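Peer 1: Before I ask anything, let me first share the structure, which is written out below as structure tokens.
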Amino acid sequence: MTDASPAVLRCPWAEGSDAYRAYHDHEWGIPSHDDRHLFEMLILEGAQAGLSWSTILGKRENYRRAFDGFDPERIAQYDEDKVAALLEDAGIVRNRLKVRGTVTNARAYLQLCDDVGSLDAYLWGWVDGTPLVNHPRDLGELPARTELSDRISKDLKQRGFTFVGSTIVYSLLQAVGVVDDHVEWCRAKRTRLDPGAAP
């Protein structure tokens, strides 16, 4: 008999592995205002392009090690020797464009911070600081991109970022809680909208 109690209900995509369940329950869709975390997710979402999220999630600690804890000031200083060394690191996705793109994005991030203060201020400014809460009933109702992600993607590209297509940007918005796309019956949706609700 299947346990259908609300305590075990979560978005169906999260049931693929323990790592997915932990990521869903403790990170995905939770509003984040930590610039280091926001930058990390920007890089990881770009690294995912053409791959599965499970691949990137499994390599996340390797990415943190290889890219100096996602310190944009340090990454922005990487030279071609460092890029070459990273391309020999089996712990990350060894794609030359993606590795170089991380350096490019670190430099673009620093310029963005000079322009608007922080990545936090930039991302949350698009929604006036309040998460956009959608109410999908199943995964089939989730879009791959939206008009908002189109606009942010275009702006980020103009600011010098790479690997920031609209689909990647929408995944970023979902991941860091700018958009809440938990399905309507997910326990995370209920408890975040009503902290007093039973989990």
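Scheme for the structure tokens: letters A, B, ... for chains in order shown; per-chain residue numbers from 1; ligand numbers from 1 in order shown.
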Which residues, written as a list in words, have at least one atom at most 9 Å from A:Met41, with only C-alpha atoms counted and residues fewer than 4 positions away on the same chain left out?
Peer 2: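 That gives Arg36, His37, Glu45, Gly46, Leu172, Ala175 and Val176 of chain A.
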Peer 1: Any chance you can output those residues with C-alpha atoms as a compact mmCIF listing (two decimals), in the first residue's frame?
Peer 2:
# COMPACT_ATOMS: atom_id res chain seq x y z
CA ARG A 36 27.82 33.48 -3.10
CA HIS A 37 25.00 30.94 -3.32
CA GLU A 45 22.78 25.94 -13.98
CA GLY A 46 24.98 26.96 -16.91
CA LEU A 172 17.99 29.54 -11.84
CA ALA A 175 16.29 27.08 -7.82
CA VAL A 176 16.85 30.23 -5.77
Peer 1: Looking only at strand (DSSP E) from DSSP on the backbone, list the matching residues of chain A as a ChimeraX atom specification.
Peer 2: /A:132-133,179-180
Peer 1: Please produce a file of those selected residues containing N, CA and C atoms, as a CSV table (one decimal), in the first residue's frame.
Peer 2:
chain,number,residue,atom,x,y,z
A,132,LEU,N,7.6,35.0,-7.1
A,132,LEU,CA,6.4,34.7,-7.9
A,132,LEU,C,5.9,33.3,-7.6
A,133,VAL,N,4.8,33.2,-7.1
A,133,VAL,CA,4.3,31.9,-6.6
A,133,VAL,C,3.3,31.3,-7.7
A,179,VAL,N,11.2,32.3,-8.2
A,179,VAL,CA,9.9,31.7,-8.7
A,179,VAL,C,9.7,30.4,-7.8
A,180,ASP,N,8.5,30.3,-7.3
A,180,ASP,CA,8.1,29.1,-6.6
A,180,ASP,C,7.2,28.2,-7.5
Peer 1: Which residues, written as a PyMOL selection string, have at least one atom at most 7 Å from A:Asp120, with only C-alpha atoms counted and residues fewer than 6 positions away on the same chain left out?
Peer 2: chain A and resi 33-35
Peer 1: So that I have them on file, write out the residues from the current selection with C-alpha atoms, as a short mmCIF file (atom, residue, chain, number, x, y, z; two decimals), in the first residue's frame.
Peer 2:
data_model
loop_
_atom_site.label_atom_id
_atom_site.label_comp_id
_atom_site.auth_asym_id
_atom_site.auth_seq_id
_atom_site.Cartn_x
_atom_site.Cartn_y
_atom_site.Cartn_z
CA HIS A 33 19.66 36.30 -0.80
CA ASP A 34 23.21 35.03 -0.36
CA ASP A 35 25.29 36.33 -3.26
#
Peer 1: Taking only C-alpha atoms into account, which of A:Trp53, A:Phe163, A:Phe39, A:Phe70 comes nearest A:Leu97?
Peer 2: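 That would be A:Phe163, the residue with the smallest distance to A:Leu97.
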Peer 1: As a PyMOL selection string, please: every residue in chain A that a backbone DSSP assignment puts in helix (DSSP H, G or I).
Peer 2: chain A and resi 6-8+12-16+18-26+35-47+53-58+60-66+68-70+72-75+80-86+96-116+119-125+139-141+147-158+166-175+187-193
Peer 1: Take the selection from the previous step and output its residues with C-alpha atoms, as a CSV table (one decimal), in the first residue's frame.
Peer 2:
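Ended up saving to result.csv:
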chain,number,residue,atom,x,y,z
A,6,PRO,CA,1.0,14.7,3.2
A,7,ALA,CA,4.3,14.2,5.1
A,8,VAL,CA,5.8,12.3,2.1
A,12,PRO,CA,7.6,14.2,-8.5
A,13,TRP,CA,10.9,15.1,-10.1
A,14,ALA,CA,12.5,15.0,-6.6
A,15,GLU,CA,11.8,11.3,-6.1
A,16,GLY,CA,14.6,10.1,-8.3
A,18,ASP,CA,18.2,10.7,-2.1
A,19,ALA,CA,20.3,13.6,-3.4
A,20,TYR,CA,17.3,15.0,-5.3
A,21,ARG,CA,15.0,14.6,-2.3
A,22,ALA,CA,17.5,16.5,-0.1
A,23,TYR,CA,18.0,19.2,-2.7
A,24,HIS,CA,14.2,19.6,-3.1
A,25,ASP,CA,13.4,19.6,0.6
A,26,HIS,CA,16.2,21.9,1.8
A,35,ASP,CA,25.3,36.3,-3.3
A,36,ARG,CA,27.8,33.5,-3.1
A,37,HIS,CA,25.0,30.9,-3.3
A,38,LEU,CA,23.3,32.9,-6.1
A,39,PHE,CA,26.5,33.0,-8.1
A,40,GLU,CA,27.1,29.3,-7.5
A,41,MET,CA,23.7,28.4,-8.8
A,42,LEU,CA,24.2,30.7,-11.8
A,43,ILE,CA,27.4,28.8,-12.7
A,44,LEU,CA,25.9,25.3,-12.0
A,45,GLU,CA,22.8,25.9,-14.0
A,46,GLY,CA,25.0,27.0,-16.9
A,47,ALA,CA,27.1,23.9,-16.4
A,53,TRP,CA,20.8,18.0,-13.1
A,54,SER,CA,21.7,14.8,-11.3
A,55,THR,CA,25.1,14.9,-13.1
A,56,ILE,CA,25.8,18.4,-11.8
A,57,LEU,CA,24.4,17.7,-8.4
A,58,GLY,CA,26.8,14.8,-8.1
A,60,ARG,CA,28.8,20.0,-6.9
A,61,GLU,CA,31.4,19.5,-4.2
A,62,ASN,CA,34.0,19.0,-6.9
A,63,TYR,CA,33.0,22.3,-8.4
A,64,ARG,CA,33.2,24.0,-5.1
A,65,ARG,CA,36.8,22.6,-4.7
A,66,ALA,CA,37.9,23.3,-8.2
A,68,ASP,CA,37.7,28.1,-5.0
A,69,GLY,CA,34.3,27.9,-3.3
A,70,PHE,CA,32.7,29.9,-6.1
A,72,PRO,CA,34.0,35.3,-8.1
A,73,GLU,CA,37.0,37.6,-7.3
A,74,ARG,CA,39.4,34.6,-7.4
A,75,ILE,CA,37.7,33.1,-10.5
A,80,GLU,CA,44.8,30.2,-19.4
A,81,ASP,CA,47.1,27.9,-17.3
A,82,LYS,CA,44.3,27.7,-14.7
A,83,VAL,CA,41.7,27.0,-17.4
A,84,ALA,CA,43.9,24.2,-18.8
A,85,ALA,CA,44.3,22.7,-15.3
A,86,LEU,CA,40.6,22.7,-14.8
A,96,ARG,CA,36.2,24.3,-22.5
A,97,LEU,CA,33.4,26.7,-23.3
A,98,LYS,CA,31.8,26.1,-19.9
A,99,VAL,CA,35.0,26.5,-18.0
A,100,ARG,CA,35.9,29.7,-19.8
A,101,GLY,CA,32.3,30.8,-19.4
A,102,THR,CA,32.7,30.5,-15.6
A,103,VAL,CA,35.6,32.9,-15.7
A,104,THR,CA,33.7,35.2,-18.0
A,105,ASN,CA,30.7,35.1,-15.7
A,106,ALA,CA,32.8,35.9,-12.6
A,107,ARG,CA,34.1,39.0,-14.4
A,108,ALA,CA,30.6,40.0,-15.5
A,109,TYR,CA,29.3,39.4,-11.9
A,110,LEU,CA,31.9,41.8,-10.5
A,111,GLN,CA,30.8,44.4,-13.0
A,112,LEU,CA,27.2,43.8,-12.2
A,113,CYS,CA,27.9,44.3,-8.5
A,114,ASP,CA,29.6,47.6,-9.4
A,115,ASP,CA,26.5,48.6,-11.4
A,116,VAL,CA,23.6,47.5,-9.1
A,119,LEU,CA,23.4,39.7,-7.7
A,120,ASP,CA,20.8,39.5,-5.0
A,121,ALA,CA,19.6,43.0,-5.7
A,122,TYR,CA,19.7,42.4,-9.4
A,123,LEU,CA,17.7,39.1,-9.4
A,124,TRP,CA,15.1,40.1,-6.8
A,125,GLY,CA,14.7,43.5,-8.4
A,139,LEU,CA,5.0,18.9,-13.8
A,140,GLY,CA,3.4,19.1,-17.2
A,141,GLU,CA,2.2,22.6,-16.3
A,147,GLU,CA,8.6,36.2,-20.6
A,148,LEU,CA,10.4,37.1,-17.4
A,149,SER,CA,13.3,34.7,-18.0
A,150,ASP,CA,13.5,36.0,-21.6
A,151,ARG,CA,14.0,39.5,-20.3
A,152,ILE,CA,16.5,38.6,-17.7
A,153,SER,CA,18.4,36.4,-20.2
A,154,LYS,CA,18.6,39.2,-22.7
A,155,ASP,CA,19.8,41.7,-20.0
A,156,LEU,CA,22.4,39.3,-18.6
A,157,LYS,CA,23.8,38.7,-22.1
A,158,GLN,CA,24.1,42.4,-22.6
A,166,SER,CA,16.2,31.8,-21.1
A,167,THR,CA,15.7,28.2,-20.1
A,168,ILE,CA,18.9,28.3,-17.9
A,169,VAL,CA,17.7,31.5,-16.4
A,170,TYR,CA,14.3,30.1,-15.6
A,171,SER,CA,15.9,27.1,-13.9
A,172,LEU,CA,18.0,29.5,-11.8
A,173,LEU,CA,14.9,31.5,-10.8
A,174,GLN,CA,13.2,28.3,-9.7
A,175,ALA,CA,16.3,27.1,-7.8
A,187,ARG,CA,4.4,19.7,1.3
A,188,ALA,CA,7.1,22.4,0.6
A,189,LYS,CA,4.5,24.6,-1.1
A,190,ARG,CA,2.0,24.3,1.8
A,191,THR,CA,4.5,24.8,4.6
A,192,ARG,CA,6.2,27.8,2.9
A,193,LEU,CA,2.9,29.5,2.1
Peer 1: Counting only C-alpha atoms, which of A:Gly165, A:Asp138, A:Gly129, A:Pro143 gets nearest to A:Pro31?
Peer 2: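 Looking at the shortest contact to A:Pro31, the residue is A:Gly129.
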Peer 1: Between atom CA of A:Ser118 and atom CA of A:Gly50, what distance in Å does the model show, to one decimal?
Peer 2: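 One can read the atom CA of A:Ser118 to atom CA of A:Gly50 distance as 28.4 Å.
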Peer 1: Looking at only C-alpha atoms, which of A:Arg159, A:Arg145, A:Arg94, A:His182 is the one that sits closest to A:Lys59?
Peer 2: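 For A:Lys59, the nearest of the candidates is A:Arg94.
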Peer 1: Distance atom CA of A:Asp181-atom CA of A:Thr130, one decimal place?
Peer 2: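 Atom CA of A:Asp181 sits 14.0 Å away from atom CA of A:Thr130.
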Peer 1: Could you tell me how far atom CA of A:Thr162 sits from atom CA of A:Gly91, in Å to one decimal place?
Peer 2: 21.9 Å
